[in-house]
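The file upload-v2.cif contains mmCIF, C-alpha atoms:
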data_structure
#
loop_
_atom_site.label_atom_id
_atom_site.label_comp_id
_atom_site.auth_asym_id
_atom_site.auth_seq_id
_atom_site.Cartn_x
_atom_site.Cartn_y
_atom_site.Cartn_z
CA MET A 1121 0.00 0.00 0.00
CA SER A 1122 1.33 3.40 -0.93
CA ASP A 1123 0.72 6.46 1.26
CA PRO A 1124 -2.41 8.66 0.85
CA ALA A 1125 -0.39 11.46 -0.78
CA THR A 1126 0.81 9.12 -3.53
CA LEU A 1127 -2.75 7.92 -4.07
CA GLN A 1128 -4.05 11.48 -4.30
CA ALA A 1129 -1.30 12.39 -6.76
CA GLY A 1130 -2.21 9.38 -8.91
CA LEU A 1131 -5.90 10.23 -8.83
CA ARG A 1132 -5.14 13.86 -9.74
CA ARG A 1133 -3.27 12.63 -12.79
CA VAL A 1134 -6.21 10.48 -13.93
CA ARG A 1135 -8.62 13.29 -13.15
CA GLU A 1136 -6.76 15.57 -15.56
CA THR A 1137 -7.05 12.95 -18.30
CA PHE A 1138 -10.74 12.51 -17.51
CA VAL A 1139 -11.43 16.25 -17.67
CA GLY A 1140 -9.38 16.53 -20.87
CA ARG A 1141 -11.70 14.04 -22.55
CA LEU A 1142 -14.92 15.72 -21.48
CA PRO A 1143 -15.25 18.08 -24.50
CA GLU A 1144 -15.57 15.05 -26.78
CA CYS A 1145 -18.32 13.65 -24.53
CA GLU A 1146 -20.04 17.02 -24.40
CA ALA A 1147 -20.06 17.23 -28.19
CA ALA A 1148 -21.65 13.77 -28.51
CA VAL A 1149 -24.34 14.50 -25.90
CA LEU A 1150 -25.04 17.95 -27.32
CA GLU A 1151 -25.50 16.48 -30.79
CA LEU A 1152 -27.98 13.98 -29.37
CA VAL A 1153 -29.92 16.71 -27.56
CA ARG A 1154 -30.18 18.68 -30.82
CA GLU A 1155 -31.29 15.60 -32.74
CA ILE A 1156 -34.00 14.76 -30.19
CA ARG A 1157 -35.23 18.35 -30.25
CA ALA A 1158 -35.38 18.32 -34.05
CA HIS A 1159 -36.81 14.85 -34.68
CA GLY A 1160 -38.08 13.51 -31.34
CA ALA A 1161 -36.64 10.67 -29.29
CA ARG A 1162 -38.03 7.76 -31.29
CA GLY A 1163 -35.57 6.24 -33.74
CA VAL A 1164 -32.74 8.52 -32.74
CA SER A 1165 -29.24 7.02 -32.82
CA ALA A 1166 -27.97 7.39 -29.26
CA ASP A 1167 -25.24 4.75 -29.05
CA ARG A 1168 -22.33 7.19 -29.27
CA ALA A 1169 -23.66 9.45 -26.53
CA ARG A 1170 -24.65 6.44 -24.41
CA GLY A 1171 -21.10 5.07 -24.67
CA HIS A 1172 -19.71 8.37 -23.38
CA LEU A 1173 -22.23 8.53 -20.52
CA HIS A 1174 -21.46 4.92 -19.63
CA ARG A 1175 -17.76 5.68 -19.36
CA ILE A 1176 -18.35 8.86 -17.34
CA ALA A 1177 -20.69 7.01 -14.97
CA GLY A 1178 -18.04 4.33 -14.45
CA THR A 1179 -15.18 6.61 -13.48
CA ALA A 1180 -16.43 10.07 -12.44
CA PRO A 1181 -17.40 9.15 -8.83
CA THR A 1182 -13.96 7.67 -8.09
CA LEU A 1183 -12.40 10.89 -9.38
CA GLY A 1184 -14.46 13.15 -7.13
CA PHE A 1185 -17.30 13.97 -9.53
CA ALA A 1186 -20.09 12.08 -7.80
CA ASP A 1187 -22.89 14.32 -9.12
CA LEU A 1188 -21.68 14.06 -12.69
CA GLY A 1189 -21.39 10.27 -12.34
CA HIS A 1190 -24.93 10.03 -10.96
CA SER A 1191 -26.37 12.22 -13.66
CA ALA A 1192 -24.54 10.30 -16.41
CA ARG A 1193 -25.81 7.01 -14.96
CA ILE A 1194 -29.44 8.19 -15.09
CA GLY A 1195 -28.89 9.48 -18.63
CA GLU A 1196 -27.39 6.15 -19.67
CA ASP A 1197 -30.36 4.29 -18.20
CA GLU A 1198 -32.80 6.45 -20.16
CA LEU A 1199 -30.87 5.89 -23.39
CA LEU A 1200 -30.88 2.15 -22.74
CA ARG A 1201 -34.66 2.32 -22.37
CA LEU A 1202 -34.80 4.19 -25.65
CA ARG A 1203 -32.71 1.52 -27.34
CA ARG A 1204 -35.05 -1.20 -26.02
CA GLY A 1205 -37.95 0.66 -27.63
CA GLU A 1206 -39.55 1.63 -24.32
CA PRO A 1207 -41.45 4.93 -24.19
CA VAL A 1208 -39.26 7.85 -23.15
CA ASP A 1209 -40.41 11.43 -22.57
CA ALA A 1210 -38.31 13.48 -25.02
CA ASP A 1211 -38.52 16.69 -22.96
CA ALA A 1212 -37.54 14.96 -19.75
CA LEU A 1213 -34.68 13.22 -21.55
CA THR A 1214 -33.27 16.39 -23.07
CA GLY A 1215 -33.60 18.11 -19.68
CA LEU A 1216 -31.64 15.31 -18.07
CA LEU A 1217 -28.96 15.38 -20.76
CA GLU A 1218 -28.63 19.15 -20.43
CA GLU A 1219 -28.16 18.80 -16.70
CA THR A 1220 -25.38 16.29 -17.39
CA LEU A 1221 -23.84 18.67 -19.90
CA ASP A 1222 -23.94 21.41 -17.31
CA ARG A 1223 -22.13 19.17 -14.82
CA MET A 1224 -19.51 18.30 -17.43
CA ARG A 1225 -18.87 22.00 -17.99
CA ARG A 1226 -18.59 22.60 -14.26
CA ALA A 1227 -16.12 19.72 -13.94
CA ARG A 1228 -13.96 21.37 -16.59
CA ALA A 1229 -14.13 24.82 -15.00
CA MET B 135 5.83 -12.96 -4.05
CA GLU B 136 6.39 -12.35 -7.75
CA ALA B 137 4.13 -9.60 -9.13
CA VAL B 138 0.66 -10.76 -10.18
CA ARG B 139 0.38 -10.22 -13.93
CA ILE B 140 -3.02 -8.81 -14.90
CA LEU B 141 -4.44 -8.20 -18.36
CA ALA B 142 -7.10 -5.48 -18.04
CA VAL B 143 -9.49 -4.90 -20.92
CA ASP B 144 -11.69 -1.80 -21.01
CA ASP B 145 -12.73 0.50 -23.84
CA ASP B 146 -12.33 3.46 -21.47
CA PRO B 147 -8.65 4.46 -21.12
CA VAL B 148 -9.54 6.49 -18.02
CA ALA B 149 -10.80 3.31 -16.31
CA LEU B 150 -7.52 1.59 -17.21
CA ASP B 151 -5.58 4.58 -15.81
CA LEU B 152 -7.60 4.25 -12.60
CA LEU B 153 -6.76 0.56 -12.34
CA GLN B 154 -3.10 1.44 -12.83
CA VAL B 155 -3.25 3.92 -9.94
CA LEU B 156 -5.41 1.83 -7.60
CA VAL B 157 -4.15 -1.70 -8.24
CA VAL B 158 -0.54 -1.18 -9.30
CA GLU B 159 0.50 1.99 -7.46
CA GLN B 160 -1.77 1.90 -4.41
CA ILE B 161 -2.33 -1.79 -3.58
CA GLY B 162 1.00 -2.85 -5.08
CA GLY B 163 2.44 -6.21 -6.14
CA HIS B 164 0.72 -6.20 -9.52
CA GLU B 165 1.77 -5.66 -13.10
CA LEU B 166 -0.91 -4.36 -15.47
CA THR B 167 -1.06 -4.93 -19.21
CA ARG B 168 -3.79 -2.90 -20.88
CA ALA B 169 -6.02 -3.49 -23.89
CA GLU B 170 -8.73 -1.09 -25.05
CA ASN B 171 -10.79 -3.70 -26.87
CA PRO B 172 -11.24 -7.49 -26.93
CA VAL B 173 -9.53 -7.93 -30.30
CA ASP B 174 -6.35 -6.27 -29.01
CA ALA B 175 -6.61 -8.35 -25.84
CA LEU B 176 -6.76 -11.60 -27.80
CA GLU B 177 -3.78 -10.48 -29.89
CA ILE B 178 -1.81 -9.68 -26.72
CA ILE B 179 -2.67 -13.13 -25.32
CA ARG B 180 -1.75 -14.82 -28.62
CA THR B 181 1.63 -13.13 -28.88
CA SER B 182 2.57 -13.47 -25.19
CA PRO B 183 4.35 -16.48 -23.71
CA GLU B 184 2.01 -19.30 -22.60
CA GLY B 185 0.39 -18.66 -19.25
CA ARG B 186 1.77 -15.10 -19.24
CA PHE B 187 -1.20 -13.69 -17.33
CA ASP B 188 -2.20 -14.65 -13.81
CA CYS B 189 -5.62 -13.08 -14.09
CA PHE B 190 -7.91 -10.97 -16.25
CA LEU B 191 -10.03 -7.91 -15.51
CA LEU B 192 -12.68 -7.56 -18.21
CA ASP B 193 -15.16 -4.74 -18.59
CA ILE B 194 -18.52 -6.22 -19.55
CA ASP B 195 -19.98 -3.36 -21.58
CA MET B 196 -17.73 -2.84 -24.59
CA PRO B 197 -18.81 -2.09 -28.17
CA GLU B 198 -18.42 -4.75 -30.88
CA MET B 199 -17.55 -7.59 -28.50
CA SER B 200 -18.69 -7.73 -24.88
CA GLY B 201 -16.50 -8.74 -21.98
CA ILE B 202 -18.71 -11.83 -21.57
CA GLU B 203 -17.89 -13.02 -25.09
CA LEU B 204 -14.22 -12.30 -24.43
CA CYS B 205 -14.41 -14.28 -21.18
CA ASP B 206 -15.83 -17.22 -23.11
CA LEU B 207 -13.00 -17.00 -25.68
CA ILE B 208 -10.33 -16.78 -22.98
CA ARG B 209 -11.78 -19.87 -21.31
CA SER B 210 -11.38 -21.76 -24.61
CA ILE B 211 -7.59 -21.24 -24.42
CA PRO B 212 -6.15 -24.28 -22.58
CA ASP B 213 -3.65 -22.18 -20.59
CA TYR B 214 -6.41 -20.01 -19.18
CA ARG B 215 -9.18 -22.51 -18.40
CA GLU B 216 -8.80 -21.92 -14.68
CA THR B 217 -7.17 -18.50 -14.54
CA PRO B 218 -9.18 -16.06 -12.41
CA ILE B 219 -11.32 -13.70 -14.49
CA LEU B 220 -12.89 -10.70 -12.77
CA MET B 221 -15.66 -8.98 -14.68
CA VAL B 222 -16.05 -5.25 -14.24
CA THR B 223 -19.60 -3.99 -14.45
CA ARG B 224 -21.93 -1.30 -13.27
CA VAL B 225 -23.86 -1.89 -10.07
CA GLY B 226 -27.07 -3.86 -10.44
CA GLU B 227 -26.49 -5.56 -13.79
CA LYS B 228 -27.93 -8.85 -12.61
CA ASP B 229 -28.47 -10.46 -16.02
CA ALA B 230 -25.01 -9.53 -17.26
CA ILE B 231 -23.43 -10.82 -14.08
CA HIS B 232 -25.29 -14.11 -14.38
CA GLU B 233 -24.20 -14.51 -18.02
CA ALA B 234 -20.62 -13.67 -17.08
CA PHE B 235 -20.50 -16.43 -14.48
CA LYS B 236 -21.99 -18.85 -17.00
CA ALA B 237 -19.22 -17.86 -19.41
CA GLY B 238 -16.62 -18.79 -16.81
CA ALA B 239 -16.03 -15.62 -14.79
CA THR B 240 -14.57 -16.12 -11.33
CA ASP B 241 -15.85 -12.97 -9.68
CA TYR B 242 -16.83 -9.43 -10.48
CA LEU B 243 -16.10 -5.86 -9.52
CA ASN B 244 -18.49 -2.96 -9.47
CA LYS B 245 -17.93 0.29 -11.31
CA PRO B 246 -17.43 2.98 -10.14
CA PHE B 247 -14.47 1.56 -8.24
CA GLU B 248 -14.33 1.94 -4.50
CA LEU B 249 -10.90 1.43 -3.06
CA SER B 250 -12.08 -0.76 -0.17
CA GLU B 251 -14.09 -3.09 -2.40
CA LEU B 252 -11.34 -3.18 -5.01
CA THR B 253 -8.73 -4.02 -2.37
CA GLY B 254 -10.91 -6.83 -1.01
CA ARG B 255 -11.50 -8.39 -4.44
CA ILE B 256 -7.85 -8.03 -5.44
CA ASN B 257 -6.75 -9.70 -2.18
CA ILE B 258 -8.99 -12.67 -2.96
CA LEU B 259 -7.58 -12.71 -6.47
CA ASP B 260 -4.03 -12.72 -5.14
CA ARG B 261 -4.81 -15.73 -2.97
CA LEU B 262 -6.23 -17.57 -6.00
CA VAL B 263 -3.14 -16.74 -8.04
CA LYS B 264 -0.87 -17.86 -5.22
CA ALA B 265 -2.76 -21.15 -4.93
CA ALA B 266 -2.59 -21.67 -8.71
CA ARG B 267 1.16 -20.99 -8.74
CA SER B 268 1.64 -23.44 -5.90
CA ARG B 269 -0.29 -26.13 -7.81
CA THR B 270 1.81 -25.47 -10.91
CA ASP B 271 5.01 -25.74 -8.88
CA LYS B 272 3.86 -29.07 -7.46
CA ILE B 273 3.04 -30.42 -10.91
CA PHE B 274 6.47 -29.39 -12.20
CA ALA B 275 8.09 -30.94 -9.13
CA ALA B 276 6.15 -34.18 -9.65
CA LYS B 277 7.13 -34.26 -13.31
CA SER B 278 10.77 -33.67 -12.50
CA LEU B 279 10.71 -36.54 -10.03
CA ARG B 280 9.05 -38.72 -12.70
CA LYS B 281 6.14 -39.48 -10.43
CA SER B 282 2.76 -40.36 -11.85
CA PRO B 283 0.53 -37.35 -12.45
CA ALA B 284 -1.89 -36.24 -9.76
CA ARG B 285 -4.74 -38.73 -9.39
CA LEU B 286 -8.22 -38.13 -8.14
CA GLU B 287 -7.75 -40.24 -5.03
CA ASP B 288 -4.89 -37.93 -4.05
CA HIS B 289 -7.48 -35.20 -3.81
CA GLY B 290 -10.13 -37.28 -2.06
CA LEU B 291 -13.83 -37.55 -2.33
CA HIS B 292 -14.46 -34.24 -0.62
CA LEU B 293 -12.71 -31.93 -3.04
CA PRO B 294 -14.32 -30.43 -6.16
CA ILE B 295 -13.65 -32.03 -9.53
CA PRO B 296 -13.39 -29.61 -12.46
CA ILE B 297 -16.41 -29.96 -14.72
CA GLU B 298 -16.13 -28.37 -18.13
CA ASP B 299 -18.35 -27.55 -21.08
CA ILE B 300 -21.70 -28.09 -19.38
CA PRO B 301 -24.07 -25.11 -19.58
CA GLY B 302 -24.49 -23.30 -16.28
CA VAL B 303 -21.80 -25.29 -14.44
CA VAL B 304 -19.19 -23.11 -12.74
CA THR B 305 -16.55 -23.72 -10.09
CA TYR B 306 -17.71 -23.73 -6.49
CA GLY B 307 -15.55 -20.68 -5.74
CA SER B 308 -17.27 -18.78 -8.54
CA LEU B 309 -20.69 -19.77 -7.22
CA GLU B 310 -19.79 -18.53 -3.74
CA ASN B 311 -18.59 -15.23 -5.23
CA TYR B 312 -21.81 -14.96 -7.23
CA VAL B 313 -24.04 -15.54 -4.21
CA ALA B 314 -22.02 -13.15 -2.04
CA GLN B 315 -22.16 -10.44 -4.67
CA LEU B 316 -25.88 -10.92 -5.26
CA SER B 317 -26.55 -10.12 -1.65
CA ARG B 318 -24.05 -7.27 -1.63
CA ASN B 319 -25.90 -5.62 -4.46
CA SER B 320 -29.36 -6.26 -3.07
CA LEU B 321 -30.23 -8.37 -6.09
CA PHE B 322 -32.42 -10.63 -4.05
CA GLY B 323 -34.99 -13.21 -4.99
CA SER B 324 -32.67 -16.09 -5.85
CA THR B 325 -33.25 -19.61 -4.58
CA VAL B 326 -30.48 -21.99 -3.58
CA PHE B 327 -30.63 -25.72 -2.97
CA ALA B 328 -28.27 -28.67 -3.12
CA LEU B 329 -28.39 -32.13 -4.64
CA LYS B 330 -26.26 -35.06 -3.58
CA ILE B 331 -25.36 -38.37 -5.18
CA LEU B 332 -26.75 -41.12 -2.97
CA ASP B 333 -24.28 -43.66 -1.62
CA VAL B 334 -21.43 -41.59 -2.99
CA GLU B 335 -18.74 -43.04 -0.70
CA ARG B 336 -19.35 -46.55 -2.00
CA ILE B 337 -19.48 -45.35 -5.60
CA PHE B 338 -16.23 -43.44 -5.07
CA SER B 339 -14.52 -46.46 -3.51
CA GLU B 340 -15.62 -48.75 -6.35
CA SER B 341 -14.69 -46.34 -9.14
CA THR B 342 -11.43 -45.47 -10.74
CA PRO B 343 -10.72 -41.73 -10.54
CA PHE B 344 -11.67 -41.40 -14.19
CA GLU B 345 -14.94 -43.29 -13.72
CA PHE B 346 -15.90 -41.21 -10.70
CA SER B 347 -15.10 -38.01 -12.56
CA CYS B 348 -17.34 -39.21 -15.43
CA PHE B 349 -20.22 -40.05 -13.05
CA VAL B 350 -20.01 -36.60 -11.47
CA THR B 351 -19.96 -35.00 -14.91
CA ASP B 352 -22.97 -37.12 -15.99
CA ALA B 353 -24.85 -35.99 -12.91
CA ALA B 354 -23.92 -32.36 -13.65
CA GLU B 355 -25.19 -32.76 -17.19
CA ALA B 356 -28.51 -34.18 -16.00
CA ILE B 357 -28.90 -31.30 -13.52
CA SER B 358 -28.02 -28.74 -16.19
CA ASP B 359 -30.63 -30.26 -18.53
CA GLY B 360 -33.18 -29.94 -15.74
CA PHE B 361 -32.63 -26.19 -15.71
CA VAL B 362 -32.88 -25.83 -19.46
CA ASP B 363 -35.71 -23.28 -19.37
CA HIS B 364 -34.32 -21.33 -16.42
CA GLY B 365 -31.28 -19.30 -15.58
CA ALA B 366 -29.37 -21.35 -13.03
CA LEU B 367 -25.79 -21.77 -11.93
CA ILE B 368 -24.57 -25.15 -10.73
CA ALA B 369 -21.34 -26.01 -8.96
CA TYR B 370 -19.87 -29.27 -7.73
CA SER B 371 -18.57 -28.78 -4.21
CA GLY B 372 -17.13 -32.26 -3.71
CA ASN B 373 -18.48 -35.28 -1.81
CA GLY B 374 -21.06 -35.90 -4.53
CA THR B 375 -22.81 -32.61 -3.80
CA PHE B 376 -23.99 -29.97 -6.24
CA ALA B 377 -25.14 -26.50 -5.24
CA CYS B 378 -27.67 -24.79 -7.48
CA VAL B 379 -28.68 -21.13 -7.63
CA VAL B 380 -31.83 -20.24 -9.53
CA ASP B 381 -32.37 -16.54 -9.98
CA ASP B 382 -35.04 -16.01 -12.58
CA GLY B 383 -37.81 -16.02 -10.00
CA TRP B 384 -38.61 -19.71 -10.48
CA ARG B 385 -38.70 -21.57 -7.19
CA PRO B 386 -38.40 -25.26 -7.98
CA ASP B 387 -39.58 -28.01 -5.66
CA PRO B 388 -36.20 -29.66 -4.98
CA GLN B 389 -37.71 -33.15 -4.54
CA GLU B 390 -39.55 -32.98 -7.86
CA PHE B 391 -36.44 -31.58 -9.50
CA ALA B 392 -34.33 -34.45 -8.13
CA GLU B 393 -36.85 -36.96 -9.46
CA ARG B 394 -36.62 -35.38 -12.90
CA VAL B 395 -32.82 -35.48 -12.77
CA ASN B 396 -32.91 -39.11 -11.65
CA LEU B 397 -35.10 -40.04 -14.60
CA ALA B 398 -32.61 -38.36 -16.91
CA LEU B 399 -29.73 -40.24 -15.26
CA LYS B 400 -31.60 -43.51 -15.61
CA SER B 401 -32.05 -42.90 -19.33
CA MET B 402 -28.28 -42.37 -19.64
CA ASP B 403 -27.78 -46.08 -18.85
CA LEU B 404 -24.48 -45.58 -17.05
CA HIS B 405 -21.86 -48.32 -16.54
CA PHE B 406 -18.50 -48.81 -14.87
CA ASN B 407 -15.66 -49.46 -17.31
CA ASP B 408 -15.89 -53.20 -16.63
CA GLY B 409 -19.50 -53.24 -17.84
CA ARG B 410 -21.27 -53.29 -14.46
CA PRO B 411 -24.32 -51.05 -14.52
CA ILE B 412 -24.60 -48.19 -12.06
CA GLU B 413 -27.84 -46.53 -11.14
CA LEU B 414 -26.78 -43.04 -10.18
CA SER B 415 -29.39 -41.33 -8.01
CA LEU B 416 -29.54 -37.90 -6.44
CA CYS B 417 -31.48 -36.55 -3.51
CA ALA B 418 -32.29 -32.90 -2.81
CA GLY B 419 -32.24 -30.81 0.34
CA ARG B 420 -34.61 -27.97 1.12
CA SER B 421 -34.51 -24.82 -0.94
CA ILE B 422 -33.64 -21.48 0.62
CA ARG B 423 -34.67 -18.12 -0.73
CA LEU B 424 -31.91 -15.49 -0.60
CA LEU B 425 -34.50 -12.78 0.02
CA SER B 426 -33.16 -10.23 2.51
CA ARG B 427 -30.08 -12.30 3.27
CA ALA B 428 -27.28 -9.78 3.29
CA GLY B 429 -23.50 -10.23 3.23
CA THR B 430 -22.14 -13.44 4.65
CA ARG B 431 -25.65 -14.64 5.50
CA ALA B 432 -26.07 -15.51 1.82
CA ILE B 433 -23.02 -17.77 2.07
CA ASP B 434 -24.50 -19.20 5.27
CA ALA B 435 -27.61 -20.05 3.26
CA LEU B 436 -25.44 -21.92 0.79
CA CYS B 437 -23.90 -23.87 3.69
CA ALA B 438 -27.37 -24.57 5.10
CA THR B 439 -28.43 -26.15 1.81
CA HIS B 440 -25.45 -28.51 2.11
CA GLU B 441 -26.41 -29.46 5.66
CA SER B 442 -29.98 -30.03 4.55
CA VAL B 443 -29.04 -32.33 1.67
CA GLU B 444 -26.68 -34.27 3.97
CA ASP B 445 -29.60 -34.86 6.35
CA VAL B 446 -31.90 -36.01 3.56
CA CYS B 447 -29.18 -38.22 2.15
CA ARG B 448 -28.53 -39.86 5.53
CA GLN B 449 -32.24 -40.51 6.04
CA ILE B 450 -32.50 -42.21 2.64
CA GLU B 451 -29.27 -44.19 2.95
CA TYR B 452 -30.23 -45.56 6.37
CA SER B 453 -33.79 -46.36 5.34
CA PRO B 454 -34.90 -49.75 3.90
CA LEU B 455 -35.17 -47.97 0.56
CA GLY B 456 -31.53 -46.95 0.84
CA ALA B 457 -30.46 -50.50 1.64
CA CYS B 458 -32.43 -51.68 -1.37
CA LEU B 459 -30.79 -49.04 -3.53
CA ALA B 460 -27.30 -50.03 -2.36
CA LYS B 461 -28.04 -53.68 -3.06
CA HIS B 462 -29.46 -52.85 -6.45
CA THR B 463 -26.48 -50.79 -7.56
CA ALA B 464 -23.79 -53.02 -6.04
#
Is it possible to give me this structure as structure tokens?
Amino acid sequence: MSDPATLQAGLRRVRETFVGRLPECEAAVLELVREIRAHGARGVSADRARGHLHRIAGTAPTLGFADLGHSARIGEDELLRLRRGEPVDADALTGLLEETLDRMRRARA
Amino acid sequence: MEAVRILAVDDDPVALDLLQVLVVEQIGGHELTRAENPVDALEIIRTSPEGRFDCFLLDIDMPEMSGIELCDLIRSIPDYRETPILMVTRVGEKDAIHEAFKAGATDYLNKPFELSELTGRINILDRLVKAARSRTDKIFAAKSLRKSPARLEDHGLHLPIPIEDIPGVVTYGSLENYVAQLSRNSLFGSTVFALKILDVERIFSESTPFEFSCFVTDAAEAISDGFVDHGALIAYSGNGTFACVVDDGWRPDPQEFAERVNLALKSMDLHFNDGRPIELSLCAGRSIRLLSRAGTRAIDALCATHESVEDVCRQIEYSPLGACLAKHTA
């Protein structure tokens, strides 16, 4: 076991990488939000955005972004429902995705 | 101890970076090789020396090929049939976890990682690796002394026999991990029960190691067939006993299930190598629902099913029916 300072230094390093990748995730989620607004949720291709949200949900909490991780997890769940063909409220979904986008921006600030 | 060599596969490089920090730098004693997709992982395995990796950490949710499919492919490589495989998945993915164990996973880790949980799982993993290395050393030592290879009787009746290529059959260690994790994640509603081969001590004493291994495998096959329409995991825990976990909501009547398995075994028309027929028969203990059984209590439930089947088995073996059975199969 290394000391807590070494652990924190390691996590800081990973956190920088994580934050550095957020713009790409933001772009994918933003594109999805625009597509849903333009054409509705049904039939929309959400796999790219879902992949990003899945990855954020899997690592953000360990890196100190618990809220972002939680929000991404809920977003991922909704997109999974969409993929399974279950009814999803488009307005609620875009609202949720925008909240996640907002948290991504705050994480980068 | 020599560093534990891990191959970690995840399509998220940040998750791999985290494993590097938490497992290699923080916990220590591990060497991490990374792959960002299953195809690269298989190439790394193919081009590495045989048995290069002591264990695998596989993310389940990856595009193109899932970690479950990769687990299945790794298990088909002779060098890695028994190597610990930890699946990494998001909390609450019950179906994926079940499929992963069926594909040969040893245990699983939840994402997001928590250092305490990760340390606990990695410690278990290290013990498995240490045990595997010790077994390998003994085999090499035996070979160098030109002794005969390890025989079943060296291991005894009470130790598990590896059973391969039967749907739903996993190692007992994997089943314990599965049950423990189910309770940890509040994925309740599973039912556990055990089945035992009647008169197993006599059958063991009259069989060659190979014959006994075949009988156990035949019994496992009959049990697996009995679960054909249900998601179930089965493990042989030694001493003729099989533990079963059913988690699709179906709650079988163990006695009826045993009768069905016994009919299937009868139709297999089993024989010893010298041509003597053997009528393999199983009995079942009571079933226990894992509902609201948290933590180690789920493992206790698994133990209770073993005690229950032992009781039932003793009652049958000491009854006139049991005496008749022994006479019939002798």
Could the residues of chain A that have an atom at most 7 Å from chain B be listed as a Markdown table, each with its closest atom pair and the distance in Å to one decimal, counting only C-alpha atoms and ordered by chain and ascending residue number?
| residue | atom | partner | partner_atom | distance |
| --- | --- | --- | --- | --- |
| A:Met1121 | CA | B:Ile161 | CA | 4.6 |
| A:Ser1122 | CA | B:Gln160 | CA | 4.9 |
| A:Leu1127 | CA | B:Gln160 | CA | 6.1 |
| A:Gly1130 | CA | B:Val155 | CA | 5.7 |
| A:Leu1131 | CA | B:Val155 | CA | 6.9 |
| A:Val1134 | CA | B:Asp151 | CA | 6.2 |
| A:Thr1137 | CA | B:Val148 | CA | 6.9 |
| A:Phe1138 | CA | B:Val148 | CA | 6.2 |
| A:Arg1175 | CA | B:Asp146 | CA | 6.2 |
| A:Gly1178 | CA | B:Pro246 | CA | 4.6 |
| A:Thr1179 | CA | B:Pro246 | CA | 5.4 |
| A:Pro1181 | CA | B:Pro246 | CA | 6.3 |
| A:Thr1182 | CA | B:Phe247 | CA | 6.1 |
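Distance-wise, CA of Leu424 (chain B) and CA of Val362 (chain B) end up 21.5 Å apart.
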Find the residues around Met1224 (chain A) up to 9 Å (all atoms listed in the file counted), leave out those fewer than 4 positions away in its own chain, and share them as a ChimeraX atom specification.
/A:1139,1142-1143,1145-1146,1188,1219-1220,1228-1229
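For the pair CA of Leu367 (chain B) and CA of Glu203 (chain B), the separation is 17.7 Å.
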Can you tell me, as a ChimeraX atom specification, what residues are no more than 9 Å from Ala377 (chain B) when counting only C-alpha atoms, ignoring any on the same chain fewer than 5 positions away?
/B:306,309,326-330,367-371,436,439-440
Rank B:Asn257, B:Tyr214, B:Asp206, B:Trp384 by their smallest atom-to-atom distance to Pro301 (chain B), using only C-alpha atoms, and report the top residue only.
B:Asp206
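The coordinates place CA of Ala169 (chain B) at 27.9 Å from CA of Asp1123 (chain A).
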Using all atoms listed in the file, pick whichever of A:Gly1160, A:Leu1199, A:Leu1152, A:Ala1227 has the shortest atom-to-atom distance to Glu1136 (chain A).
A:Ala1227
